[in-house]
Amino acid sequence: MEFRYLGNSGLKVSAITYGNWLTHGSQVENDTAIDCVRAALDAGITSFDTADVYANTVAEKVLGKALKAERRESLEVFTKVFGPTGPKGPNDSGLSRKHILESIDGSLRRLKTDYVDLYQAHRYDVETPLEETMQAFADVVRQGKALYIGVSEWTADQLRAGHALATELNIQLISNQPQYSMLWRVIEAEVEPVSRELGISQIVWSPIAQGVLTGKYKPGAALPKGSRATDEKGGAKMIERFMTDEVLTSVQELKPIAKELDLDLAQLAIAWVLRNSNVASAIIGASRPEQVTANAKAAGVNLSGETQARIDSVLGNLAEYDPARTHEQSPKSRET
């Protein structure tokens, strides 16, 4: 396993992070979920990402149980706050001081740990003054309940403002967690340059574009049973933008490139995001332990400039580059 520094800090994280969004506590039985965590540990993964909103807090409980017997100092545990939890009352979401201070205690209890290595603002909260949010995060750090602060899907301007306040408060905002893949490159124009300037790393989610970049979806073919594209709870909606014959055909054309490197398509896709030096780690999820074992092998794979150019040639203009998409998808109010 390869390890990289997270932002401008001394903290190292595994280049592959195991994440349990849409799996633990919802799509995957608990025993299988724990087996997936065990496979991650066996593959050398030490970084684990979750959020209180995943399966309405159940995902944190499953991860806490799975990691309970492990040496805490040898792990990097990340969680997030923003989305609605509990009965979804008026203060059960967002980044108010009340919600942050109550949420960190709930997360620590479910994760069975005294602290998290990284506590992340899951989205930007337009209903709370940023000063209030960052002060609350500073208090969480000073209380020893989190070591570092991160955010997820913040725009370049939001990152700059949050980082300035964090600096004033003498805490470290060191990461952003955006969607990033061969097909979704919206961070490259604005978020990435600002992040490099400020010493912020990316911990990217969906490096295989919700499964599209595995090649399992064939143009004109029936959808595989039990796949993300058939999940009416939300997976199908997230994946629909990639489910065009043009995209699916181009993905199939990546297979010879992967084969030459002795990789499968998922490994190629993960290695592609890790080629970016601003990416500290790529988050992978899994419904089976063997998926974790296979995808972890993407760590340490070096893609030549020629290989990257060939990938760009195959995908052409199919990828989304518009930096405005980050702002467009940011919540316009707290989720209730």
# chains A, B, ... in the order shown; residues from 1 in each chain; ligands from 1

$ residues_around --residues "A:Gly83" --least-positions-apart "6" --cutoff "10 Å" --atoms "only C-alpha atoms" --output "list in words"
Ala51, Asp52, Val53, Tyr54, Asn56, Asp92, Ser93, Gly94, Leu95, Ala121, His122, Arg123, Asp125, Arg334, Glu335 and Thr336 of chain A

$ write_last_selection --atoms "all heavy atoms" --output "compact mmCIF listing (two decimals), in the first residue's frame"
# COMPACT_ATOMS: atom_id res chain seq x y z
N ALA A 51 -19.86 8.59 7.43
CA ALA A 51 -20.57 9.82 7.75
C ALA A 51 -21.77 9.47 8.62
O ALA A 51 -22.33 8.38 8.50
CB ALA A 51 -21.03 10.54 6.49
N ASP A 52 -22.17 10.40 9.47
CA ASP A 52 -23.31 10.10 10.34
C ASP A 52 -24.60 9.91 9.55
O ASP A 52 -25.50 9.17 9.96
CB ASP A 52 -23.48 11.18 11.41
CG ASP A 52 -23.68 12.59 10.87
OD1 ASP A 52 -23.78 12.77 9.64
OD2 ASP A 52 -23.73 13.53 11.70
N VAL A 53 -24.70 10.54 8.39
CA VAL A 53 -25.93 10.46 7.60
C VAL A 53 -26.06 9.13 6.84
O VAL A 53 -27.15 8.77 6.40
CB VAL A 53 -26.00 11.65 6.61
CG1 VAL A 53 -25.04 11.46 5.45
CG2 VAL A 53 -27.43 11.86 6.11
N TYR A 54 -24.98 8.39 6.68
CA TYR A 54 -25.02 7.14 5.93
C TYR A 54 -25.90 6.13 6.68
O TYR A 54 -25.62 5.77 7.83
CB TYR A 54 -23.64 6.54 5.73
CG TYR A 54 -22.71 7.36 4.86
CD1 TYR A 54 -21.34 7.10 4.83
CD2 TYR A 54 -23.18 8.41 4.07
CE1 TYR A 54 -20.47 7.84 4.04
CE2 TYR A 54 -22.32 9.15 3.28
CZ TYR A 54 -20.97 8.87 3.27
OH TYR A 54 -20.11 9.61 2.49
N ASN A 56 -28.55 6.62 8.01
CA ASN A 56 -29.06 7.29 9.20
C ASN A 56 -28.35 6.79 10.47
O ASN A 56 -28.98 6.33 11.42
CB ASN A 56 -30.57 7.12 9.34
CG ASN A 56 -31.18 8.11 10.33
OD1 ASN A 56 -30.56 9.11 10.66
ND2 ASN A 56 -32.37 7.83 10.81
N ASP A 92 -31.41 19.11 13.32
CA ASP A 92 -30.79 17.80 13.09
C ASP A 92 -29.98 17.74 11.81
O ASP A 92 -29.64 16.65 11.32
CB ASP A 92 -31.88 16.71 13.06
CG ASP A 92 -32.42 16.40 14.44
OD1 ASP A 92 -31.76 16.76 15.44
OD2 ASP A 92 -33.52 15.82 14.53
N SER A 93 -29.67 18.89 11.23
CA SER A 93 -28.85 18.93 10.03
C SER A 93 -28.11 20.26 9.99
O SER A 93 -28.36 21.16 10.81
CB SER A 93 -29.69 18.76 8.76
OG SER A 93 -30.59 19.85 8.62
N GLY A 94 -27.19 20.39 9.05
CA GLY A 94 -26.46 21.63 8.89
C GLY A 94 -25.16 21.69 9.67
O GLY A 94 -24.70 20.69 10.22
N LEU A 95 -24.58 22.88 9.71
CA LEU A 95 -23.29 23.08 10.36
C LEU A 95 -23.36 24.15 11.44
O LEU A 95 -22.43 24.92 11.65
CB LEU A 95 -22.23 23.46 9.32
CG LEU A 95 -21.94 22.42 8.23
CD1 LEU A 95 -20.93 22.96 7.22
CD2 LEU A 95 -21.45 21.11 8.83
N ALA A 121 -16.88 18.65 7.05
CA ALA A 121 -18.15 19.29 6.74
C ALA A 121 -18.65 18.66 5.44
O ALA A 121 -18.08 18.89 4.37
CB ALA A 121 -17.97 20.79 6.57
N HIS A 122 -19.71 17.87 5.54
CA HIS A 122 -20.15 17.06 4.41
C HIS A 122 -20.58 17.89 3.21
O HIS A 122 -20.47 17.46 2.07
CB HIS A 122 -21.30 16.15 4.87
CG HIS A 122 -21.41 14.88 4.10
ND1 HIS A 122 -22.13 13.80 4.55
CD2 HIS A 122 -20.90 14.49 2.92
CE1 HIS A 122 -22.05 12.82 3.67
NE2 HIS A 122 -21.32 13.22 2.66
N ARG A 123 -21.10 19.07 3.47
CA ARG A 123 -21.42 20.05 2.43
C ARG A 123 -21.29 21.44 3.05
O ARG A 123 -21.11 21.58 4.26
CB ARG A 123 -22.85 19.84 1.87
CG ARG A 123 -23.06 18.57 1.06
CD ARG A 123 -22.23 18.56 -0.21
NE ARG A 123 -22.53 17.40 -1.05
CZ ARG A 123 -21.92 16.23 -0.96
NH1 ARG A 123 -20.99 16.04 -0.02
NH2 ARG A 123 -22.23 15.23 -1.78
N ASP A 125 -22.89 24.85 4.38
CA ASP A 125 -24.19 25.20 4.94
C ASP A 125 -24.45 26.69 4.72
O ASP A 125 -23.87 27.55 5.39
CB ASP A 125 -24.22 24.88 6.44
CG ASP A 125 -25.58 25.16 7.09
OD1 ASP A 125 -26.51 25.54 6.36
OD2 ASP A 125 -25.68 24.99 8.32
N ARG A 334 -30.48 23.63 4.18
CA ARG A 334 -30.24 22.40 4.94
C ARG A 334 -31.22 21.33 4.51
O ARG A 334 -32.40 21.62 4.27
CB ARG A 334 -30.41 22.66 6.44
CG ARG A 334 -29.37 23.56 7.03
CD ARG A 334 -29.68 23.73 8.51
NE ARG A 334 -28.82 24.74 9.11
CZ ARG A 334 -29.01 25.23 10.32
NH1 ARG A 334 -30.07 24.83 11.03
NH2 ARG A 334 -28.20 26.13 10.80
N GLU A 335 -30.75 20.09 4.45
CA GLU A 335 -31.66 19.00 4.14
C GLU A 335 -32.52 18.70 5.35
O GLU A 335 -32.04 18.63 6.47
CB GLU A 335 -30.86 17.75 3.75
CG GLU A 335 -29.97 17.97 2.53
CD GLU A 335 -29.08 16.78 2.26
OE1 GLU A 335 -29.48 15.65 2.61
OE2 GLU A 335 -28.00 16.97 1.71
N THR A 336 -33.82 18.54 5.15
CA THR A 336 -34.73 18.23 6.27
C THR A 336 -35.61 17.06 5.91
O THR A 336 -35.69 16.66 4.75
CB THR A 336 -35.61 19.44 6.61
OG1 THR A 336 -36.32 19.84 5.43
CG2 THR A 336 -34.75 20.61 7.09

$ select_by_dssp --residues "stretch 65-269 of chain A" --states "alpha helix (DSSP H)" --output "ChimeraX atom specification"
/A:65-67,97-111,130-142,156-168,191-198,235-239,245-252,255-260,265-269

$ atom_distance --atom1 "atom CA of A:Asn30" --atom2 "atom CA of A:Phe3"
28.3 Å

$ residues_around --residues "A:Arg110" --least-positions-apart "2" --cutoff "6 Å" --atoms "only C-alpha atoms" --output "compact mmCIF listing (two decimals) with all heavy atoms, in the first residue's frame"
# COMPACT_ATOMS: atom_id res chain seq x y z
N GLU A 60 -21.96 4.14 10.60
CA GLU A 60 -20.92 4.38 11.61
C GLU A 60 -20.87 3.25 12.63
O GLU A 60 -19.79 2.82 13.04
CB GLU A 60 -21.18 5.71 12.32
CG GLU A 60 -20.86 6.95 11.50
CD GLU A 60 -21.01 8.23 12.30
OE1 GLU A 60 -21.90 8.28 13.18
OE2 GLU A 60 -20.25 9.17 12.05
N LYS A 61 -22.03 2.77 13.03
CA LYS A 61 -22.08 1.67 14.00
C LYS A 61 -21.39 0.42 13.45
O LYS A 61 -20.63 -0.25 14.15
CB LYS A 61 -23.52 1.35 14.36
CG LYS A 61 -24.24 2.43 15.14
CD LYS A 61 -25.68 2.03 15.43
CE LYS A 61 -26.44 3.11 16.17
NZ LYS A 61 -27.86 2.75 16.39
N SER A 107 -21.14 10.53 16.78
CA SER A 107 -20.25 9.77 15.89
C SER A 107 -19.21 9.00 16.68
O SER A 107 -18.94 7.82 16.39
CB SER A 107 -19.58 10.71 14.89
OG SER A 107 -20.50 11.19 13.94
N LEU A 108 -18.61 9.63 17.67
CA LEU A 108 -17.59 8.95 18.47
C LEU A 108 -18.19 7.76 19.21
O LEU A 108 -17.56 6.69 19.32
CB LEU A 108 -16.95 9.92 19.46
CG LEU A 108 -16.15 11.08 18.86
CD1 LEU A 108 -15.58 11.95 19.97
CD2 LEU A 108 -15.05 10.57 17.95
N LYS A 112 -17.09 3.92 18.40
CA LYS A 112 -16.38 3.30 19.52
C LYS A 112 -14.93 3.79 19.60
O LYS A 112 -13.98 3.03 19.76
CB LYS A 112 -16.41 1.77 19.41
CG LYS A 112 -17.81 1.18 19.38
CD LYS A 112 -17.77 -0.33 19.31
CE LYS A 112 -19.18 -0.92 19.14
NZ LYS A 112 -20.08 -0.57 20.25

$ residues_around --residues "A:Ile200" --least-positions-apart "4" --cutoff "9 Å" --atoms "only C-alpha atoms" --output "PyMOL selection string"
chain A and resi 6-8+150+159+163+173-176+192+194-196+278

$ write_last_selection --atoms "all heavy atoms" --output "compact mmCIF listing (two decimals), in the first residue's frame"
# COMPACT_ATOMS: atom_id res chain seq x y z
N LEU A 6 -1.60 14.06 3.92
CA LEU A 6 -2.89 14.69 3.71
C LEU A 6 -2.74 16.20 3.88
O LEU A 6 -2.53 16.69 5.00
CB LEU A 6 -3.92 14.15 4.71
CG LEU A 6 -5.38 14.56 4.46
CD1 LEU A 6 -5.84 14.15 3.07
CD2 LEU A 6 -6.30 13.95 5.50
N GLY A 7 -2.82 16.90 2.76
CA GLY A 7 -2.67 18.33 2.79
C GLY A 7 -1.31 18.75 3.32
O GLY A 7 -0.33 17.99 3.29
N ASN A 8 -1.24 19.97 3.84
CA ASN A 8 0.00 20.49 4.40
C ASN A 8 0.08 20.11 5.87
O ASN A 8 0.10 20.95 6.76
CB ASN A 8 0.04 22.00 4.23
CG ASN A 8 1.38 22.59 4.61
OD1 ASN A 8 2.39 21.89 4.59
ND2 ASN A 8 1.39 23.87 4.96
N GLY A 150 -11.72 18.72 7.68
CA GLY A 150 -11.82 18.66 6.23
C GLY A 150 -13.21 19.09 5.80
O GLY A 150 -14.09 19.34 6.64
N LEU A 159 -13.61 27.10 -0.11
CA LEU A 159 -12.37 26.58 0.46
C LEU A 159 -11.47 27.72 0.94
O LEU A 159 -10.89 27.65 2.03
CB LEU A 159 -11.62 25.75 -0.58
CG LEU A 159 -12.17 24.36 -0.88
CD1 LEU A 159 -11.47 23.77 -2.10
CD2 LEU A 159 -12.00 23.43 0.31
N HIS A 163 -10.53 28.13 4.81
CA HIS A 163 -9.12 27.99 5.17
C HIS A 163 -8.63 29.23 5.90
O HIS A 163 -7.85 29.13 6.87
CB HIS A 163 -8.29 27.74 3.92
CG HIS A 163 -6.85 27.43 4.20
ND1 HIS A 163 -5.89 28.42 4.31
CD2 HIS A 163 -6.21 26.26 4.42
CE1 HIS A 163 -4.72 27.87 4.56
NE2 HIS A 163 -4.88 26.56 4.65
N LEU A 173 -7.23 22.93 8.33
CA LEU A 173 -8.19 22.45 7.34
C LEU A 173 -7.35 21.89 6.20
O LEU A 173 -6.72 22.64 5.46
CB LEU A 173 -9.09 23.58 6.85
CG LEU A 173 -10.36 23.19 6.09
CD1 LEU A 173 -11.31 24.39 5.96
CD2 LEU A 173 -10.07 22.66 4.69
N ILE A 174 -7.33 20.56 6.07
CA ILE A 174 -6.32 19.94 5.21
C ILE A 174 -6.88 19.11 4.05
O ILE A 174 -6.11 18.60 3.25
CB ILE A 174 -5.37 19.05 6.04
CG1 ILE A 174 -6.14 17.95 6.78
CG2 ILE A 174 -4.55 19.89 7.00
CD1 ILE A 174 -5.24 16.95 7.48
N SER A 175 -8.22 19.00 3.98
CA SER A 175 -8.74 18.13 2.92
C SER A 175 -10.09 18.57 2.40
O SER A 175 -10.86 19.24 3.08
CB SER A 175 -8.85 16.68 3.42
OG SER A 175 -9.85 16.58 4.42
N ASN A 176 -10.36 18.16 1.17
CA ASN A 176 -11.66 18.31 0.53
C ASN A 176 -12.02 16.95 -0.04
O ASN A 176 -11.15 16.21 -0.49
CB ASN A 176 -11.57 19.36 -0.59
CG ASN A 176 -12.90 19.55 -1.31
OD1 ASN A 176 -13.96 19.64 -0.69
ND2 ASN A 176 -12.86 19.61 -2.64
N GLU A 192 -8.95 22.44 -7.60
CA GLU A 192 -7.61 21.87 -7.45
C GLU A 192 -6.53 22.94 -7.35
O GLU A 192 -5.68 22.88 -6.44
CB GLU A 192 -7.31 20.90 -8.59
CG GLU A 192 -5.95 20.23 -8.47
CD GLU A 192 -5.62 19.37 -9.66
OE1 GLU A 192 -6.54 18.79 -10.28
OE2 GLU A 192 -4.42 19.26 -9.98
N VAL A 194 -6.69 26.07 -6.27
CA VAL A 194 -6.81 26.73 -4.98
C VAL A 194 -6.35 25.80 -3.86
O VAL A 194 -5.67 26.22 -2.91
CB VAL A 194 -8.26 27.21 -4.74
CG1 VAL A 194 -8.48 27.60 -3.28
CG2 VAL A 194 -8.57 28.40 -5.65
N SER A 195 -6.71 24.53 -3.97
CA SER A 195 -6.31 23.55 -2.95
C SER A 195 -4.79 23.43 -2.88
O SER A 195 -4.20 23.38 -1.78
CB SER A 195 -6.93 22.19 -3.24
OG SER A 195 -8.34 22.24 -3.15
N ARG A 196 -4.14 23.37 -4.02
CA ARG A 196 -2.67 23.30 -4.03
C ARG A 196 -2.07 24.53 -3.36
O ARG A 196 -1.11 24.42 -2.59
CB ARG A 196 -2.17 23.18 -5.47
CG ARG A 196 -2.46 21.84 -6.14
CD ARG A 196 -1.89 21.79 -7.54
NE ARG A 196 -2.22 20.56 -8.24
CZ ARG A 196 -1.54 19.43 -8.12
NH1 ARG A 196 -0.48 19.37 -7.33
NH2 ARG A 196 -1.91 18.35 -8.80
N ASN A 278 -2.41 16.05 -6.30
CA ASN A 278 -3.24 16.72 -5.30
C ASN A 278 -4.23 15.76 -4.65
O ASN A 278 -4.89 16.11 -3.68
CB ASN A 278 -3.99 17.90 -5.93
CG ASN A 278 -4.68 18.79 -4.91
OD1 ASN A 278 -5.86 19.09 -5.03
ND2 ASN A 278 -3.96 19.20 -3.88

$ atom_distance --atom1 "atom CA of A:Gln267" --atom2 "atom CA of A:Ala33"
21.0 Å

$ residues_around --residues "stretch 144-148 of chain A" --least-positions-apart "3" --cutoff "7 Å" --atoms "only C-alpha atoms" --output "ChimeraX atom specification"
/A:114-119,140-141,172-173

$ closest_residue --among "A:Glu290, A:Glu188, A:Glu260, A:Glu2" --to "A:Thr307" --atoms "only C-alpha atoms"
A:Glu260

$ closest_residue --among "A:Val58, A:Leu101, A:Leu63, A:Ala258" --to "A:Cys36" --atoms "only C-alpha atoms"
A:Leu63

$ closest_residue --among "A:Pro207, A:Gly316, A:Gly215, A:Gly89" --to "A:Trp184" --atoms "only C-alpha atoms"
A:Pro207

$ closest_residue --among "A:Thr244, A:Thr214, A:Ser287, A:Thr85" --to "A:Ile270" --atoms "only C-alpha atoms"
A:Thr214

$ residues_around --residues "stretch 247-256 of chain A" --least-positions-apart "3" --cutoff "7 Å" --atoms "only C-alpha atoms" --output "ChimeraX atom specification"
/A:213,215,217-219,242-244,259-260,265,311,314-315,318

$ write_last_selection --atoms "N, CA, C and O atoms" --output "PDB file, in the first residue's frame"
ATOM      1  N   LEU A 213     -17.152   2.874 -14.781  1.00  0.00           N
ATOM      2  CA  LEU A 213     -15.798   2.660 -15.292  1.00  0.00           C
ATOM      3  C   LEU A 213     -15.272   1.250 -15.037  1.00  0.00           C
ATOM      4  O   LEU A 213     -14.124   0.949 -15.365  1.00  0.00           O
ATOM      5  N   GLY A 215     -16.786  -1.181 -16.569  1.00  0.00           N
ATOM      6  CA  GLY A 215     -17.122  -1.814 -17.833  1.00  0.00           C
ATOM      7  C   GLY A 215     -18.245  -2.819 -17.754  1.00  0.00           C
ATOM      8  O   GLY A 215     -18.569  -3.477 -18.741  1.00  0.00           O
ATOM      9  N   TYR A 217     -21.380  -2.263 -17.458  1.00  0.00           N
ATOM     10  CA  TYR A 217     -22.567  -1.818 -18.195  1.00  0.00           C
ATOM     11  C   TYR A 217     -22.225  -1.757 -19.679  1.00  0.00           C
ATOM     12  O   TYR A 217     -21.318  -1.028 -20.085  1.00  0.00           O
ATOM     13  N   LYS A 218     -22.921  -2.536 -20.461  1.00  0.00           N
ATOM     14  CA  LYS A 218     -22.659  -2.610 -21.901  1.00  0.00           C
ATOM     15  C   LYS A 218     -23.709  -1.812 -22.670  1.00  0.00           C
ATOM     16  O   LYS A 218     -24.896  -1.859 -22.334  1.00  0.00           O
ATOM     17  N   PRO A 219     -23.300  -1.096 -23.710  1.00  0.00           N
ATOM     18  CA  PRO A 219     -24.271  -0.335 -24.494  1.00  0.00           C
ATOM     19  C   PRO A 219     -25.318  -1.247 -25.123  1.00  0.00           C
ATOM     20  O   PRO A 219     -24.985  -2.272 -25.737  1.00  0.00           O
ATOM     21  N   PHE A 242     -24.244   9.068 -16.659  1.00  0.00           N
ATOM     22  CA  PHE A 242     -23.190   8.347 -17.378  1.00  0.00           C
ATOM     23  C   PHE A 242     -23.731   7.216 -18.260  1.00  0.00           C
ATOM     24  O   PHE A 242     -22.970   6.612 -19.024  1.00  0.00           O
ATOM     25  N   MET A 243     -25.014   6.927 -18.140  1.00  0.00           N
ATOM     26  CA  MET A 243     -25.565   5.729 -18.788  1.00  0.00           C
ATOM     27  C   MET A 243     -26.059   5.999 -20.208  1.00  0.00           C
ATOM     28  O   MET A 243     -27.183   5.692 -20.584  1.00  0.00           O
ATOM     29  N   THR A 244     -25.166   6.544 -21.020  1.00  0.00           N
ATOM     30  CA  THR A 244     -25.478   6.750 -22.428  1.00  0.00           C
ATOM     31  C   THR A 244     -24.661   5.763 -23.263  1.00  0.00           C
ATOM     32  O   THR A 244     -23.572   5.325 -22.852  1.00  0.00           O
ATOM     33  N   LYS A 259      -5.571  -3.800 -20.146  1.00  0.00           N
ATOM     34  CA  LYS A 259      -4.969  -5.128 -20.331  1.00  0.00           C
ATOM     35  C   LYS A 259      -3.456  -5.030 -20.514  1.00  0.00           C
ATOM     36  O   LYS A 259      -2.696  -5.851 -19.983  1.00  0.00           O
ATOM     37  N   GLU A 260      -3.010  -4.022 -21.256  1.00  0.00           N
ATOM     38  CA  GLU A 260      -1.573  -3.848 -21.468  1.00  0.00           C
ATOM     39  C   GLU A 260      -0.834  -3.614 -20.155  1.00  0.00           C
ATOM     40  O   GLU A 260       0.350  -3.930 -20.030  1.00  0.00           O
ATOM     41  N   LEU A 265     -10.486  -2.733 -15.497  1.00  0.00           N
ATOM     42  CA  LEU A 265     -10.905  -1.358 -15.723  1.00  0.00           C
ATOM     43  C   LEU A 265     -11.047  -0.561 -14.432  1.00  0.00           C
ATOM     44  O   LEU A 265     -10.723   0.632 -14.382  1.00  0.00           O
ATOM     45  N   ILE A 311      -6.008   7.581 -22.780  1.00  0.00           N
ATOM     46  CA  ILE A 311      -7.290   7.595 -22.074  1.00  0.00           C
ATOM     47  C   ILE A 311      -8.084   8.837 -22.457  1.00  0.00           C
ATOM     48  O   ILE A 311      -9.287   8.766 -22.745  1.00  0.00           O
ATOM     49  N   VAL A 314      -9.609   8.422 -25.877  1.00  0.00           N
ATOM     50  CA  VAL A 314     -10.767   7.525 -25.919  1.00  0.00           C
ATOM     51  C   VAL A 314     -12.017   8.215 -25.401  1.00  0.00           C
ATOM     52  O   VAL A 314     -13.095   8.121 -25.983  1.00  0.00           O
ATOM     53  N   LEU A 315     -11.879   8.923 -24.282  1.00  0.00           N
ATOM     54  CA  LEU A 315     -13.050   9.536 -23.661  1.00  0.00           C
ATOM     55  C   LEU A 315     -13.443  10.863 -24.301  1.00  0.00           C
ATOM     56  O   LEU A 315     -14.584  11.316 -24.158  1.00  0.00           O
ATOM     57  N   LEU A 318     -16.388  13.481 -23.479  1.00  0.00           N
ATOM     58  CA  LEU A 318     -17.474  12.878 -22.705  1.00  0.00           C
ATOM     59  C   LEU A 318     -17.408  13.222 -21.222  1.00  0.00           C
ATOM     60  O   LEU A 318     -18.408  13.162 -20.518  1.00  0.00           O
TER      61      LEU A 318
END

$ residues_around --residues "A:Thr133" --least-positions-apart "5" --cutoff "8 Å" --atoms "only C-alpha atoms" --output "PDB file with N, CA and C atoms, in the first residue's frame"
ATOM      1  N   LEU A  95     -24.581  22.881   9.708  1.00  0.00           N
ATOM      2  CA  LEU A  95     -23.289  23.080  10.358  1.00  0.00           C
ATOM      3  C   LEU A  95     -23.357  24.145  11.443  1.00  0.00           C
ATOM      4  N   SER A  96     -24.491  24.197  12.143  1.00  0.00           N
ATOM      5  CA  SER A  96     -24.591  25.090  13.299  1.00  0.00           C
ATOM      6  C   SER A  96     -23.706  24.564  14.419  1.00  0.00           C
ATOM      7  N   ARG A  97     -23.383  25.423  15.355  1.00  0.00           N
ATOM      8  CA  ARG A  97     -22.602  24.990  16.516  1.00  0.00           C
ATOM      9  C   ARG A  97     -23.318  23.865  17.247  1.00  0.00           C
ATOM     10  N   ILE A 100     -23.047  20.532  15.174  1.00  0.00           N
ATOM     11  CA  ILE A 100     -21.689  19.994  15.130  1.00  0.00           C
ATOM     12  C   ILE A 100     -21.287  19.391  16.470  1.00  0.00           C
ATOM     13  N   THR A 128     -25.868  28.829   7.896  1.00  0.00           N
ATOM     14  CA  THR A 128     -25.084  29.092   9.098  1.00  0.00           C
ATOM     15  C   THR A 128     -23.889  29.972   8.747  1.00  0.00           C
TER      16      THR A 128
END

$ select_by_dssp --residues "stretch 51-249 of chain A" --states "strand (DSSP E or B)" --output "MDAnalysis selection string"
chainID A and resid 76:81 116:121 146:151 173:176 179 181 184 201:205

$ atom_distance --atom1 "atom CA of A:Gly300" --atom2 "atom CA of A:Gly44"
12.2 Å

$ closest_residue --among "A:Tyr180, A:Ala138, A:Glu190, A:Ala294" --to "A:Leu165" --atoms "only C-alpha atoms"
A:Ala138

$ decode --residues "stretch 181-186 of chain A" --atoms "all heavy atoms" --output "compact mmCIF listing (two decimals), in the first residue's frame"
# COMPACT_ATOMS: atom_id res chain seq x y z
N SER A 181 -13.30 11.54 -11.21
CA SER A 181 -13.04 10.33 -12.00
C SER A 181 -12.70 10.74 -13.43
O SER A 181 -12.74 11.93 -13.78
CB SER A 181 -14.28 9.42 -12.02
OG SER A 181 -15.31 9.97 -12.83
N MET A 182 -12.39 9.78 -14.26
CA MET A 182 -12.15 10.04 -15.68
C MET A 182 -13.32 10.75 -16.34
O MET A 182 -13.14 11.48 -17.31
CB MET A 182 -11.92 8.72 -16.42
CG MET A 182 -10.69 7.95 -16.08
SD MET A 182 -10.69 6.41 -17.03
CE MET A 182 -9.23 5.60 -16.39
N LEU A 183 -14.52 10.53 -15.80
CA LEU A 183 -15.73 11.09 -16.40
C LEU A 183 -16.23 12.34 -15.66
O LEU A 183 -17.16 13.00 -16.14
CB LEU A 183 -16.85 10.04 -16.42
CG LEU A 183 -16.62 8.85 -17.35
CD1 LEU A 183 -17.69 7.79 -17.13
CD2 LEU A 183 -16.60 9.30 -18.81
N TRP A 184 -15.64 12.67 -14.51
CA TRP A 184 -16.11 13.80 -13.72
C TRP A 184 -14.88 14.57 -13.22
O TRP A 184 -14.29 14.25 -12.20
CB TRP A 184 -16.96 13.33 -12.54
CG TRP A 184 -17.71 14.42 -11.85
CD1 TRP A 184 -17.35 15.07 -10.69
CD2 TRP A 184 -18.95 15.02 -12.26
NE1 TRP A 184 -18.28 16.02 -10.37
CE2 TRP A 184 -19.28 16.02 -11.31
CE3 TRP A 184 -19.82 14.80 -13.34
CZ2 TRP A 184 -20.44 16.79 -11.42
CZ3 TRP A 184 -20.96 15.57 -13.44
CH2 TRP A 184 -21.26 16.55 -12.48
N ARG A 185 -14.49 15.61 -13.98
CA ARG A 185 -13.22 16.29 -13.75
C ARG A 185 -13.43 17.76 -13.37
O ARG A 185 -12.59 18.61 -13.62
CB ARG A 185 -12.35 16.16 -15.01
CG ARG A 185 -12.08 14.71 -15.37
CD ARG A 185 -11.30 14.53 -16.67
NE ARG A 185 -9.97 15.09 -16.60
CZ ARG A 185 -9.01 14.87 -17.51
NH1 ARG A 185 -9.27 14.06 -18.54
NH2 ARG A 185 -7.83 15.46 -17.41
N VAL A 186 -14.54 18.04 -12.71
CA VAL A 186 -14.91 19.44 -12.47
C VAL A 186 -13.99 20.15 -11.48
O VAL A 186 -13.97 21.39 -11.43
CB VAL A 186 -16.38 19.55 -11.99
CG1 VAL A 186 -17.32 18.94 -13.01
CG2 VAL A 186 -16.58 18.89 -10.64
